[in-house]
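A.B. asks: I'm passing along target.tsv; it holds TSV, C-alpha atoms and all ligand atoms.
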chain	number	residue	atom	x	y	z
A	1	MET	CA	-17.69	56.82	-52.81
A	2	SER	CA	-17.79	56.28	-56.51
A	3	VAL	CA	-20.82	55.39	-58.56
A	4	GLN	CA	-18.96	52.48	-60.17
A	5	TYR	CA	-17.58	51.26	-56.91
A	6	GLU	CA	-20.99	50.99	-55.24
A	7	ALA	CA	-22.19	48.94	-58.19
A	8	VAL	CA	-19.43	46.40	-57.39
A	9	GLY	CA	-21.42	45.45	-54.26
A	10	TRP	CA	-20.06	47.51	-51.41
A	11	ASN	CA	-23.18	47.09	-49.30
A	12	ARG	CA	-23.39	43.34	-49.67
A	13	GLN	CA	-19.73	43.04	-48.77
A	14	LYS	CA	-20.35	45.20	-45.71
A	15	GLN	CA	-23.23	42.99	-44.62
A	16	ILE	CA	-21.14	39.82	-44.94
A	17	TYR	CA	-18.28	41.46	-43.05
A	18	ASP	CA	-20.59	42.56	-40.21
A	19	SER	CA	-22.37	39.21	-39.99
A	20	VAL	CA	-19.07	37.32	-39.78
A	21	LEU	CA	-17.86	39.80	-37.16
A	22	ALA	CA	-20.99	39.57	-34.98
A	23	GLY	CA	-21.13	35.76	-35.37
A	24	SER	CA	-17.46	35.31	-34.42
A	25	SER	CA	-17.75	37.63	-31.39
A	26	LEU	CA	-20.81	35.75	-30.09
A	27	ALA	CA	-19.20	32.36	-30.81
A	28	TYR	CA	-16.05	33.44	-28.93
A	29	LEU	CA	-18.06	34.68	-25.93
A	30	GLY	CA	-20.24	31.55	-25.87
A	31	THR	CA	-17.21	29.25	-26.06
A	32	PHE	CA	-15.31	31.25	-23.42
A	33	VAL	CA	-18.19	31.25	-20.92
A	34	GLY	CA	-19.19	27.63	-21.68
A	35	LEU	CA	-15.65	26.25	-21.40
A	36	GLY	CA	-14.96	28.45	-18.36
A	37	ALA	CA	-18.06	27.18	-16.55
A	38	TRP	CA	-17.07	23.59	-17.35
A	39	LEU	CA	-13.41	23.92	-16.36
A	40	PHE	CA	-13.96	26.22	-13.37
A	41	PRO	CA	-17.36	25.34	-11.88
A	42	ASP	CA	-16.78	27.81	-9.01
A	43	ALA	CA	-16.46	30.82	-11.33
A	44	THR	CA	-19.55	33.03	-11.50
A	45	VAL	CA	-21.17	33.94	-14.83
A	46	GLU	CA	-20.35	37.62	-14.14
A	47	THR	CA	-16.65	36.86	-13.78
A	48	LEU	CA	-16.63	34.69	-16.91
A	49	LEU	CA	-18.44	37.40	-18.87
A	50	ILE	CA	-16.04	40.12	-17.68
A	51	ARG	CA	-13.09	37.96	-18.70
A	52	GLY	CA	-14.63	36.82	-21.98
A	53	LEU	CA	-15.49	40.38	-23.02
A	54	GLY	CA	-12.05	41.73	-21.99
A	55	THR	CA	-10.12	39.05	-23.87
A	56	ALA	CA	-12.42	39.31	-26.92
A	57	ALA	CA	-11.81	43.08	-27.08
A	58	LEU	CA	-8.06	42.70	-26.70
A	59	LEU	CA	-7.91	39.92	-29.28
A	60	LEU	CA	-9.85	42.06	-31.75
A	61	LEU	CA	-7.54	44.98	-31.06
A	62	HIS	CA	-4.58	42.78	-32.01
A	63	VAL	CA	-6.32	41.83	-35.26
A	64	ILE	CA	-7.03	45.50	-36.00
A	65	LEU	CA	-3.43	46.50	-35.37
A	66	CYS	CA	-2.09	43.67	-37.55
A	67	ILE	CA	-4.31	44.36	-40.57
A	68	GLY	CA	-2.46	47.54	-41.68
A	69	PRO	CA	1.06	46.08	-41.86
A	70	ALA	CA	-0.24	42.71	-43.12
A	71	CYS	CA	-1.88	44.47	-46.10
A	72	ARG	CA	1.35	46.31	-46.85
A	73	LEU	CA	3.18	42.99	-46.96
A	74	ASP	CA	0.55	40.98	-48.87
A	75	GLY	CA	-2.38	42.36	-50.86
A	76	ARG	CA	-4.47	39.26	-50.09
A	77	PHE	CA	-5.25	40.76	-46.66
A	78	LEU	CA	-6.87	43.81	-48.25
A	79	PRO	CA	-10.49	42.57	-47.96
A	80	LEU	CA	-10.05	42.75	-44.17
A	81	LEU	CA	-9.13	46.38	-44.41
A	82	TYR	CA	-12.20	47.68	-46.29
A	83	ASN	CA	-14.36	47.87	-43.16
A	84	ARG	CA	-11.71	48.01	-40.49
A	85	ARG	CA	-13.71	50.72	-38.74
A	86	HIS	CA	-16.48	48.20	-38.10
A	87	LEU	CA	-13.92	46.06	-36.29
A	88	GLY	CA	-12.92	49.11	-34.25
A	89	VAL	CA	-16.47	49.93	-33.21
A	90	THR	CA	-17.19	46.28	-32.34
A	91	MET	CA	-14.00	46.13	-30.29
A	92	PHE	CA	-15.04	49.30	-28.44
A	93	LEU	CA	-18.48	47.86	-27.66
A	94	LEU	CA	-16.94	44.65	-26.28
A	95	ALA	CA	-14.46	46.70	-24.22
A	96	LEU	CA	-17.27	48.97	-22.98
A	97	ALA	CA	-19.32	45.96	-21.85
A	98	HIS	CA	-16.23	44.54	-20.11
A	99	GLY	CA	-15.47	47.87	-18.36
A	100	ALA	CA	-19.11	48.47	-17.37
A	101	PHE	CA	-19.51	44.94	-15.96
A	102	ALA	CA	-16.21	45.28	-14.08
A	103	ILE	CA	-17.23	48.64	-12.59
A	104	VAL	CA	-20.59	47.24	-11.44
A	105	GLN	CA	-18.99	44.05	-10.10
A	106	PHE	CA	-16.02	45.62	-8.31
A	107	HIS	CA	-17.28	49.12	-7.45
A	108	GLY	CA	-21.07	49.08	-7.72
A	109	PHE	CA	-22.08	47.80	-4.33
A	110	GLY	CA	-20.34	50.19	-1.93
A	111	ASP	CA	-21.45	53.62	-0.72
A	112	THR	CA	-18.97	55.50	-2.95
A	113	ASN	CA	-19.84	56.54	-6.49
A	114	PRO	CA	-18.53	53.62	-8.67
A	115	LEU	CA	-16.50	55.97	-10.90
A	116	VAL	CA	-14.91	57.66	-7.87
A	117	SER	CA	-14.29	54.26	-6.32
A	118	LEU	CA	-12.51	53.14	-9.53
A	119	PHE	CA	-9.84	55.79	-8.91
A	120	THR	CA	-9.70	55.84	-5.11
A	121	THR	CA	-10.07	52.25	-3.85
A	122	ASN	CA	-6.52	51.27	-4.72
A	123	THR	CA	-3.69	53.82	-4.64
A	124	ARG	CA	-0.72	51.46	-4.32
A	125	PHE	CA	1.13	53.07	-7.21
A	126	ASN	CA	4.52	51.88	-5.97
A	127	SER	CA	3.60	48.19	-6.01
A	128	VAL	CA	3.86	46.04	-9.14
A	129	ALA	CA	1.73	43.16	-7.82
A	130	ASP	CA	-1.02	45.46	-6.50
A	131	PHE	CA	-0.78	48.37	-8.95
A	132	PRO	CA	-4.15	50.09	-9.60
A	133	PHE	CA	-4.51	48.64	-13.10
A	134	GLN	CA	-8.19	49.40	-13.58
A	135	PRO	CA	-7.82	53.16	-14.25
A	136	LEU	CA	-5.38	52.22	-17.06
A	137	GLY	CA	-8.23	50.26	-18.68
A	138	PHE	CA	-10.53	53.25	-18.13
A	139	PHE	CA	-8.20	55.66	-19.97
A	140	ALA	CA	-7.75	53.16	-22.81
A	141	LEU	CA	-11.55	52.88	-23.04
A	142	LEU	CA	-11.81	56.67	-23.24
A	143	ILE	CA	-9.47	56.72	-26.25
A	144	LEU	CA	-11.34	53.85	-27.90
A	145	PHE	CA	-14.59	55.75	-27.34
A	146	LEU	CA	-13.21	58.87	-29.06
A	147	MET	CA	-12.12	56.76	-32.01
A	148	ALA	CA	-15.40	54.84	-32.28
A	149	ALA	CA	-17.45	58.04	-31.95
A	150	THR	CA	-15.51	59.80	-34.73
A	151	SER	CA	-15.20	56.76	-36.99
A	152	HIS	CA	-17.92	57.89	-39.41
A	153	ASP	CA	-16.94	59.75	-42.59
A	154	PHE	CA	-18.93	62.76	-41.29
A	155	TRP	CA	-16.16	63.33	-38.73
A	156	LEU	CA	-13.43	62.59	-41.22
A	157	LYS	CA	-14.77	65.41	-43.42
A	158	ASN	CA	-15.31	67.85	-40.54
A	159	LEU	CA	-12.10	67.24	-38.67
A	160	SER	CA	-10.01	66.98	-41.90
A	161	ALA	CA	-8.06	63.86	-42.83
A	162	PRO	CA	-4.77	64.79	-41.04
A	163	VAL	CA	-6.50	65.63	-37.70
A	164	TRP	CA	-8.67	62.51	-37.95
A	165	LYS	CA	-5.64	60.37	-38.71
A	166	ARG	CA	-3.72	61.83	-35.74
A	167	LEU	CA	-6.69	61.16	-33.46
A	168	HIS	CA	-6.86	57.58	-34.66
A	169	MET	CA	-3.14	57.07	-34.06
A	170	GLY	CA	-4.27	57.20	-30.41
A	171	VAL	CA	-4.96	53.48	-30.85
A	172	TYR	CA	-1.28	52.86	-30.12
A	173	LEU	CA	-1.52	54.74	-26.81
A	174	ALA	CA	-4.65	52.74	-25.97
A	175	TYR	CA	-2.77	49.55	-26.84
A	176	ALA	CA	0.14	50.50	-24.53
A	177	LEU	CA	-2.31	51.30	-21.70
A	178	LEU	CA	-4.03	47.93	-22.22
A	179	ILE	CA	-0.73	46.05	-22.19
A	180	ALA	CA	-0.08	47.67	-18.80
A	181	HIS	CA	-3.72	47.04	-17.71
A	182	VAL	CA	-3.36	43.29	-18.29
A	183	ALA	CA	0.32	42.93	-17.30
A	184	LEU	CA	-0.28	44.68	-13.98
A	185	GLY	CA	-3.74	43.19	-13.47
A	186	ALA	CA	-4.67	39.72	-14.67
A	187	LEU	CA	-1.06	38.57	-15.18
A	188	GLN	CA	-0.25	39.38	-11.53
A	189	SER	CA	-3.12	37.31	-10.12
A	190	GLU	CA	-3.38	34.61	-12.80
A	191	THR	CA	-1.06	31.66	-12.12
A	192	SER	CA	-1.59	29.88	-15.48
A	193	PRO	CA	1.30	30.54	-17.89
A	194	ILE	CA	-1.08	30.21	-20.86
A	195	LEU	CA	-2.46	33.76	-20.52
A	196	ALA	CA	1.09	35.15	-20.24
A	197	ALA	CA	2.25	33.14	-23.29
A	198	VAL	CA	-0.73	34.18	-25.48
A	199	PHE	CA	-0.39	37.78	-24.33
A	200	GLY	CA	3.39	37.82	-25.07
A	201	ALA	CA	2.90	36.16	-28.49
A	202	GLY	CA	0.27	38.80	-29.39
A	203	MET	CA	2.68	41.63	-28.59
A	204	VAL	CA	5.53	40.02	-30.53
A	205	ILE	CA	3.30	39.54	-33.61
A	206	VAL	CA	2.04	43.16	-33.53
A	207	VAL	CA	5.53	44.64	-33.09
A	208	THR	CA	7.23	42.34	-35.64
A	209	LEU	CA	4.64	42.98	-38.35
A	210	HIS	CA	4.98	46.74	-37.89
A	211	LEU	CA	8.79	46.58	-38.02
A	212	VAL	CA	8.90	44.38	-41.14
A	213	ALA	CA	6.33	46.52	-42.99
A	214	SER	CA	8.07	49.78	-42.15
A	215	ARG	CA	11.45	48.31	-43.14
A	216	ARG	CA	10.03	47.39	-46.55
A	217	GLU	CA	8.57	50.87	-46.99
A	218	GLN	CA	11.87	52.43	-45.95
A	219	ARG	CA	13.75	50.36	-48.55
A	220	ALA	CA	11.36	51.56	-51.27
A	221	ASP	CA	11.82	55.18	-50.10
A	222	ASP	CA	15.60	54.82	-50.17
A	223	ARG	CA	15.58	54.02	-53.92
A	224	LYS	CA	16.70	57.30	-55.44
A	225	PRO	CA	15.22	58.24	-58.83
A	226	LYS	CA	17.82	59.18	-61.47
A	227	PRO	CA	17.65	62.79	-62.76
A	228	VAL	CA	17.54	62.94	-66.56
A	229	SER	CA	16.75	65.93	-68.82
A	230	ASP	CA	14.19	68.78	-68.51
A	231	GLY	CA	13.72	68.23	-64.79
A	232	PHE	CA	12.36	64.66	-65.28
A	233	VAL	CA	13.61	61.77	-63.16
A	234	GLU	CA	13.83	58.14	-64.25
A	235	VAL	CA	11.83	55.98	-61.84
A	236	CYS	CA	11.45	52.41	-63.15
A	237	ASP	CA	11.23	50.06	-66.13
A	238	VAL	CA	7.87	49.90	-67.89
A	239	ASP	CA	8.15	46.11	-67.58
A	240	SER	CA	8.31	46.29	-63.78
A	241	ILE	CA	4.74	47.68	-63.61
A	242	PRO	CA	2.03	45.00	-63.72
A	243	GLU	CA	-0.93	45.72	-66.05
A	244	GLN	CA	-3.67	47.84	-64.36
A	245	ARG	CA	-1.40	48.31	-61.35
A	246	ALA	CA	1.32	50.63	-60.13
A	247	VAL	CA	4.84	50.92	-58.86
A	248	VAL	CA	5.29	53.43	-56.02
A	249	VAL	CA	8.33	55.70	-56.17
A	250	ASN	CA	9.61	58.39	-53.87
A	251	ILE	CA	10.26	61.63	-55.69
A	252	GLY	CA	11.62	64.34	-53.42
A	253	GLU	CA	9.09	64.67	-50.61
A	254	ALA	CA	6.24	62.92	-52.43
A	255	ARG	CA	5.31	59.27	-52.95
A	256	VAL	CA	4.02	58.88	-56.48
A	257	ALA	CA	2.11	55.90	-57.89
A	258	VAL	CA	3.03	55.17	-61.53
A	259	PHE	CA	0.19	53.22	-63.17
A	260	ARG	CA	0.25	51.09	-66.34
A	261	TYR	CA	-3.15	50.55	-67.95
A	262	ASP	CA	-4.54	49.95	-71.43
A	263	GLY	CA	-1.18	50.67	-73.12
A	264	LYS	CA	-0.67	53.88	-71.16
A	265	ILE	CA	1.39	55.19	-68.23
A	266	SER	CA	0.16	57.85	-65.77
A	267	ALA	CA	1.45	59.04	-62.42
A	268	ILE	CA	-0.59	60.41	-59.51
A	269	SER	CA	0.06	61.03	-55.82
A	270	ASN	CA	0.13	57.82	-53.80
A	271	VAL	CA	-1.94	59.37	-50.98
A	272	CYS	CA	-5.72	58.94	-51.10
A	273	ARG	CA	-7.78	61.99	-50.09
A	274	HIS	CA	-10.04	59.88	-47.91
A	275	GLN	CA	-7.78	58.51	-45.16
A	276	GLY	CA	-4.40	58.59	-46.80
A	277	GLY	CA	-4.68	55.05	-48.22
A	278	PRO	CA	-1.88	53.90	-50.58
A	279	LEU	CA	-3.33	54.41	-54.10
A	280	GLY	CA	-0.34	52.63	-55.62
A	281	GLU	CA	-1.49	49.42	-53.94
A	282	GLY	CA	-4.84	49.72	-55.69
A	283	ARG	CA	-5.88	48.86	-59.25
A	284	VAL	CA	-7.31	50.56	-62.30
A	285	LEU	CA	-10.98	49.53	-62.39
A	286	ASP	CA	-13.43	50.93	-64.93
A	287	GLY	CA	-10.72	53.33	-66.08
A	288	CYS	CA	-10.19	54.73	-62.57
A	289	VAL	CA	-7.46	54.21	-60.02
A	290	THR	CA	-9.33	52.58	-57.13
A	291	CYS	CA	-8.04	53.01	-53.59
A	292	PRO	CA	-7.47	49.61	-51.97
A	293	TRP	CA	-8.80	50.79	-48.62
A	294	HIS	CA	-12.38	51.95	-49.21
A	295	GLY	CA	-12.69	52.30	-52.98
A	296	TYR	CA	-12.36	56.06	-53.64
A	297	GLN	CA	-11.61	56.50	-57.33
A	298	TYR	CA	-9.47	58.89	-59.37
A	299	LEU	CA	-8.90	59.35	-63.09
A	300	PRO	CA	-5.24	58.48	-63.74
A	301	GLU	CA	-4.73	61.36	-66.22
A	302	THR	CA	-5.98	64.18	-63.94
A	303	GLY	CA	-6.06	62.80	-60.40
A	304	SER	CA	-9.71	63.98	-60.15
A	305	SER	CA	-12.52	61.78	-58.89
A	306	PRO	CA	-15.13	61.08	-61.56
A	307	PRO	CA	-18.26	63.27	-61.28
A	308	PRO	CA	-20.24	63.87	-59.11
A	309	PHE	CA	-17.32	63.50	-56.69
A	310	LYS	CA	-14.85	66.29	-56.16
A	311	GLU	CA	-11.78	64.71	-54.58
A	312	GLN	CA	-8.50	65.53	-56.22
A	313	VAL	CA	-4.95	64.21	-55.91
A	314	SER	CA	-1.88	65.55	-57.72
A	315	ALA	CA	-1.13	64.27	-61.22
A	316	PHE	CA	2.39	64.24	-62.70
A	317	ARG	CA	3.73	64.41	-66.25
A	318	THR	CA	5.33	61.20	-67.49
A	319	ARG	CA	7.27	60.03	-70.52
A	320	VAL	CA	8.70	56.69	-71.59
A	321	VAL	CA	12.18	56.54	-73.08
A	322	ASP	CA	13.83	53.25	-74.05
A	323	GLY	CA	11.47	51.24	-71.88
A	324	LYS	CA	12.11	53.42	-68.80
A	325	VAL	CA	9.45	55.57	-67.15
A	326	GLN	CA	10.36	59.17	-66.41
A	327	VAL	CA	8.25	61.43	-64.16
A	328	HIS	CA	8.39	65.19	-63.61
A	329	PRO	CA	8.44	65.86	-59.83
A	330	CYS	CA	6.27	69.01	-60.09
A	331	PRO	CA	2.57	68.12	-60.23
A	332	VAL	CA	0.47	69.65	-63.00
A	333	HIS	CA	-2.02	72.35	-62.03
A	334	SER	CA	-4.89	70.89	-59.95
A	335	GLY	CA	-7.46	69.14	-62.15
A	336	THR	CA	-5.49	69.60	-65.39
A	337	ARG	CA	-4.73	66.66	-67.59
A	338	ALA	CA	-1.23	65.19	-67.58
A	339	GLU	CA	-1.20	63.48	-70.98
A	340	PRO	CA	-0.54	59.73	-70.41
A	341	SER	CA	2.54	58.24	-72.07
A	342	ARG	CA	1.49	55.65	-74.62
A	343	ILE	CA	3.33	52.35	-74.70
A	344	ASP	CA	3.33	49.43	-77.05
A	345	GLY	CA	4.76	46.48	-75.14
A	346	ASN	CA	7.49	48.47	-73.43
A	347	ARG	CA	8.24	50.78	-76.37
A	348	GLU	CA	6.97	54.31	-76.47
A	349	VAL	CA	4.58	55.05	-79.28
A	350	HIS	CA	5.36	58.46	-80.74
A	351	GLN	CA	2.19	60.32	-81.45
A	401	LIG	C1	-13.34	51.17	-17.38
A	401	LIG	C2	-12.48	50.41	-17.97
A	401	LIG	C3	-12.01	49.06	-17.47
A	401	LIG	C4	-12.14	48.50	-16.23
A	401	LIG	C5	-12.77	49.07	-14.99
A	401	LIG	C6	-11.53	47.19	-16.31
A	401	LIG	C7	-11.46	46.31	-15.27
A	401	LIG	C8	-10.85	45.07	-15.31
A	401	LIG	C9	-10.78	44.15	-14.24
A	401	LIG	C10	-11.37	44.36	-12.85
A	401	LIG	C11	-10.10	43.07	-14.67
A	401	LIG	C12	-9.78	41.81	-13.88
A	401	LIG	C13	-10.95	40.88	-14.01
A	401	LIG	C14	-10.79	39.62	-13.21
A	401	LIG	O1	-9.72	39.36	-12.71
A	401	LIG	O2	-11.79	38.89	-13.10
A	401	LIG	C15	-9.73	43.30	-16.05
A	401	LIG	C16	-9.03	42.43	-16.84
A	401	LIG	C17	-8.86	42.55	-18.20
A	401	LIG	N1	-9.22	43.65	-18.96
A	401	LIG	FE1	-10.14	45.30	-18.27
A	401	LIG	N2	-11.08	46.99	-17.58
A	401	LIG	C18	-11.33	48.11	-18.33
A	401	LIG	C19	-11.04	48.32	-19.67
A	401	LIG	C20	-10.51	47.36	-20.50
A	401	LIG	C21	-10.37	47.51	-21.93
A	401	LIG	C22	-10.71	48.78	-22.70
A	401	LIG	C23	-9.86	46.32	-22.41
A	401	LIG	C24	-9.50	45.89	-23.81
A	401	LIG	C25	-9.84	46.47	-24.94
A	401	LIG	C26	-9.65	45.46	-21.27
A	401	LIG	C27	-9.13	44.19	-21.37
A	401	LIG	C28	-8.92	43.38	-20.27
A	401	LIG	C29	-8.33	42.07	-20.38
A	401	LIG	C30	-7.84	41.37	-21.67
A	401	LIG	C31	-8.27	41.55	-19.08
A	401	LIG	C32	-7.70	40.19	-18.68
A	401	LIG	C33	-8.74	39.14	-18.74
A	401	LIG	C34	-9.58	39.20	-17.51
A	401	LIG	O3	-9.12	38.76	-16.47
A	401	LIG	O4	-10.69	39.74	-17.60
A	401	LIG	N3	-10.08	46.12	-20.14
A	401	LIG	N4	-10.22	44.53	-16.41
A	402	LIG	S1	-10.68	55.18	-49.93
A	402	LIG	FE1	-10.34	55.34	-47.83
A	402	LIG	S2	-8.25	55.77	-47.78
A	402	LIG	FE2	-8.66	55.66	-49.86
Show me the file's structure as structure tokens.
Ligand code: HEM
Ligand code: FES

C.D. replies:
Amino acid sequence: MSVQYEAVGWNRQKQIYDSVLAGSSLAYLGTFVGLGAWLFPDATVETLLIRGLGTAALLLLHVILCIGPACRLDGRFLPLLYNRRHLGVTMFLLALAHGAFAIVQFHGFGDTNPLVSLFTTNTRFNSVADFPFQPLGFFALLILFLMAATSHDFWLKNLSAPVWKRLHMGVYLAYALLIAHVALGALQSETSPILAAVFGAGMVIVVTLHLVASRREQRADDRKPKPVSDGFVEVCDVDSIPEQRAVVVNIGEARVAVFRYDGKISAISNVCRHQGGPLGEGRVLDGCVTCPWHGYQYLPETGSSPPPFKEQVSAFRTRVVDGKVQVHPCPVHSGTRAEPSRIDGNREVHQ
């Protein structure tokens, strides 16, 4: 979104990301169908394609779900996050191809409309082994479609960030439906324990990563800032903030990112206006706090995006006393400057 950020090479990075994604998807499908045809000479190409596309989509969904918590735990995963929406759209296309092939293969040759047949052929809802698992895949696909169709920033702007975010939380419902789709479908008919083991390991990894990341966030939130004078609260040592980076603190209801840069300290809201990315996990680049997710930028003193952009996050007054950073919990008036505290090493420089 920012002029400076685009100059860093956003488009080239996007191209590399997309090429790697398309190449890996094709390589996976080729390997799956090739190996499948070799190991199971009786299997038809249609069946191998349906299975290859289904597993590719589910595998990608696991990667997508792991990226968020992995980035929270280790910043080295951040490059994966920049274009996570491309992963989402690719995953939807693979899932759509899988669903469409399956509908043609299993429902396309009778005299009933294939979509009607999908819901009416099997109604054994009280059986685990024969449960109608295909409609579960259909509903998951519907959710994935809604997410892929609204993934562009046009929809983010028109729906507003909170509505968009809530819609995209639907990915967890889709994931639950797909777990049921596979557990009640392929895992009932497939005798090989490998599919069950891989499937179980995937679930354990997704759940564990989410639990560990949220535990870490909770611990950070539990750290209570110490009230000092004039309504300020003491939040951290200057020394604990790496140069050009931030420490995130919870002040009342708000998460605030306290940045140290060029001998100065400034505090702004931790929540990016784009998709709620954690600004405190970003860096100060070209004098601007740069969101680690998609590169929106904000001036640390005002919380405003540099012109011509108009995004704005709250800025907070700071001061440094005896090497400790103090922040006032009430944000300054929107767009106004909160004078940065100057530091020399970790000593305040009185101006
Ligand atoms: C209209 C939607 C869908 C239909 C009709 C459908 C149908 C099927 C069918 C018939 C199978 C069993 C294939 C076989 O035994 O040869 C299957 C399996 C599977 N499906 Fe779906 N599915 C749908 C959506 C999805 C979606 C959205 C995903 C993942 C994102 C998915 C992932 C899988 C996986 C991983 C398997 C197990 C591997 C396999 O045997 O193909 N499905 N699905
Ligand atoms: S730039 Fe997308 S969330 Fe911040």

A.B. asks: Give the answer as one residue: which of A:Gln105, A:Ser25, A:Asn122, A:Ser214 has the shortest atom-to-atom distance to A:Ile50, using all atoms listed in the file?

C.D. replies: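 Among the listed residues, the smallest separation from A:Ile50 belongs to A:Gln105.
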
A.B. asks: Neighbouring residues of ligand LIG 401 (chain A) are defined here as those with any atom at most 7 Å from a ligand atom, counting all atoms listed in the file; list them as number ranges by chain.

C.D. replies: A: 47, 50-52, 54-55, 57-58, 61, 91-92, 95-96, 98-100, 102-103, 106, 118, 134-135, 137-138, 140-141, 178, 181-182, 185-186

A.B. asks: Using all atoms listed in the file, find each residue with an atom at most 7 Å away from ligand LIG 402 (chain A) and format the answer as a list of chain:residue names.

C.D. replies: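 Using all atoms listed in the file, everything at most 7 Å from ligand LIG 402 (chain A) comes to A:Cys272, A:Arg273, A:His274, A:Gln275, A:Gly276, A:Gly277, A:Leu279, A:Cys291, A:Pro292, A:Trp293, A:His294, A:Gly295, A:Tyr296.
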
A.B. asks: Identify which of the residues A:Leu142, A:Val325, A:Ala338, A:Ala180 lies closest to A:Ser240, counting all atoms listed in the file when measuring atom-to-atom distances.

C.D. replies: A:Val325

A.B. asks: How many Å separate atom CA of A:Gln13 from atom CA of A:Phe259?

C.D. replies: 26.6 Å

A.B. asks: Report as a ChimeraX atom specification all protein, DNA and RNA residues lying within 12 Å of A:Leu211, evaluated on only C-alpha atoms, omitting residues in the same chain fewer than 2 positions from it.

C.D. replies: /A:66,68-70,72-73,204-209,213-218

A.B. asks: Got time to write the residues from that selection, C-alpha atoms, as a PDB file, in the coordinates of the input?

C.D. replies:
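This is the output file part-v7.pdb:
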ATOM      1  CA  CYS A  66      -2.090  43.670 -37.550  1.00  0.00           C
ATOM      2  CA  GLY A  68      -2.460  47.540 -41.680  1.00  0.00           C
ATOM      3  CA  PRO A  69       1.060  46.080 -41.860  1.00  0.00           C
ATOM      4  CA  ALA A  70      -0.240  42.710 -43.120  1.00  0.00           C
ATOM      5  CA  ARG A  72       1.350  46.310 -46.850  1.00  0.00           C
ATOM      6  CA  LEU A  73       3.180  42.990 -46.960  1.00  0.00           C
ATOM      7  CA  VAL A 204       5.530  40.020 -30.530  1.00  0.00           C
ATOM      8  CA  ILE A 205       3.300  39.540 -33.610  1.00  0.00           C
ATOM      9  CA  VAL A 206       2.040  43.160 -33.530  1.00  0.00           C
ATOM     10  CA  VAL A 207       5.530  44.640 -33.090  1.00  0.00           C
ATOM     11  CA  THR A 208       7.230  42.340 -35.640  1.00  0.00           C
ATOM     12  CA  LEU A 209       4.640  42.980 -38.350  1.00  0.00           C
ATOM     13  CA  ALA A 213       6.330  46.520 -42.990  1.00  0.00           C
ATOM     14  CA  SER A 214       8.070  49.780 -42.150  1.00  0.00           C
ATOM     15  CA  ARG A 215      11.450  48.310 -43.140  1.00  0.00           C
ATOM     16  CA  ARG A 216      10.030  47.390 -46.550  1.00  0.00           C
ATOM     17  CA  GLU A 217       8.570  50.870 -46.990  1.00  0.00           C
ATOM     18  CA  GLN A 218      11.870  52.430 -45.950  1.00  0.00           C
TER      19      GLN A 218
END

A.B. asks: Could you pull the residues within 8 Å of stretch 254-257 of chain A, counting only C-alpha atoms, minus those fewer than 3 positions along the same chain, as a list in words?

C.D. replies: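 So, after excluding close chain neighbours, the residues are Ala246, Val247, Val248, Val249, Asn250, Ile251, Ala267, Ile268, Ser269, Asn270, Val271, Leu279 and Gly280 of chain A.
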
A.B. asks: By how many Å are atom CA of A:Leu60 and atom CA of A:Ala176 apart?

C.D. replies: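 Taking atom CA of A:Leu60 and atom CA of A:Ala176, their separation equals 14.9 Å.
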
A.B. asks: For A:Arg283, find every residue with an atom within 7 Å (counting all atoms listed in the file), except residues of its own chain fewer than 6 positions away, and show them as a list of chain:residue names.

C.D. replies: A:Gln244, A:Arg245, A:Val289, A:Thr290

A.B. asks: How many Å lie between atom CA of A:Asp239 and atom CA of A:Phe316, rounded to one decimal?

C.D. replies: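 Spanning atom CA of A:Asp239 to atom CA of A:Phe316 is a straight-line distance of 19.6 Å.
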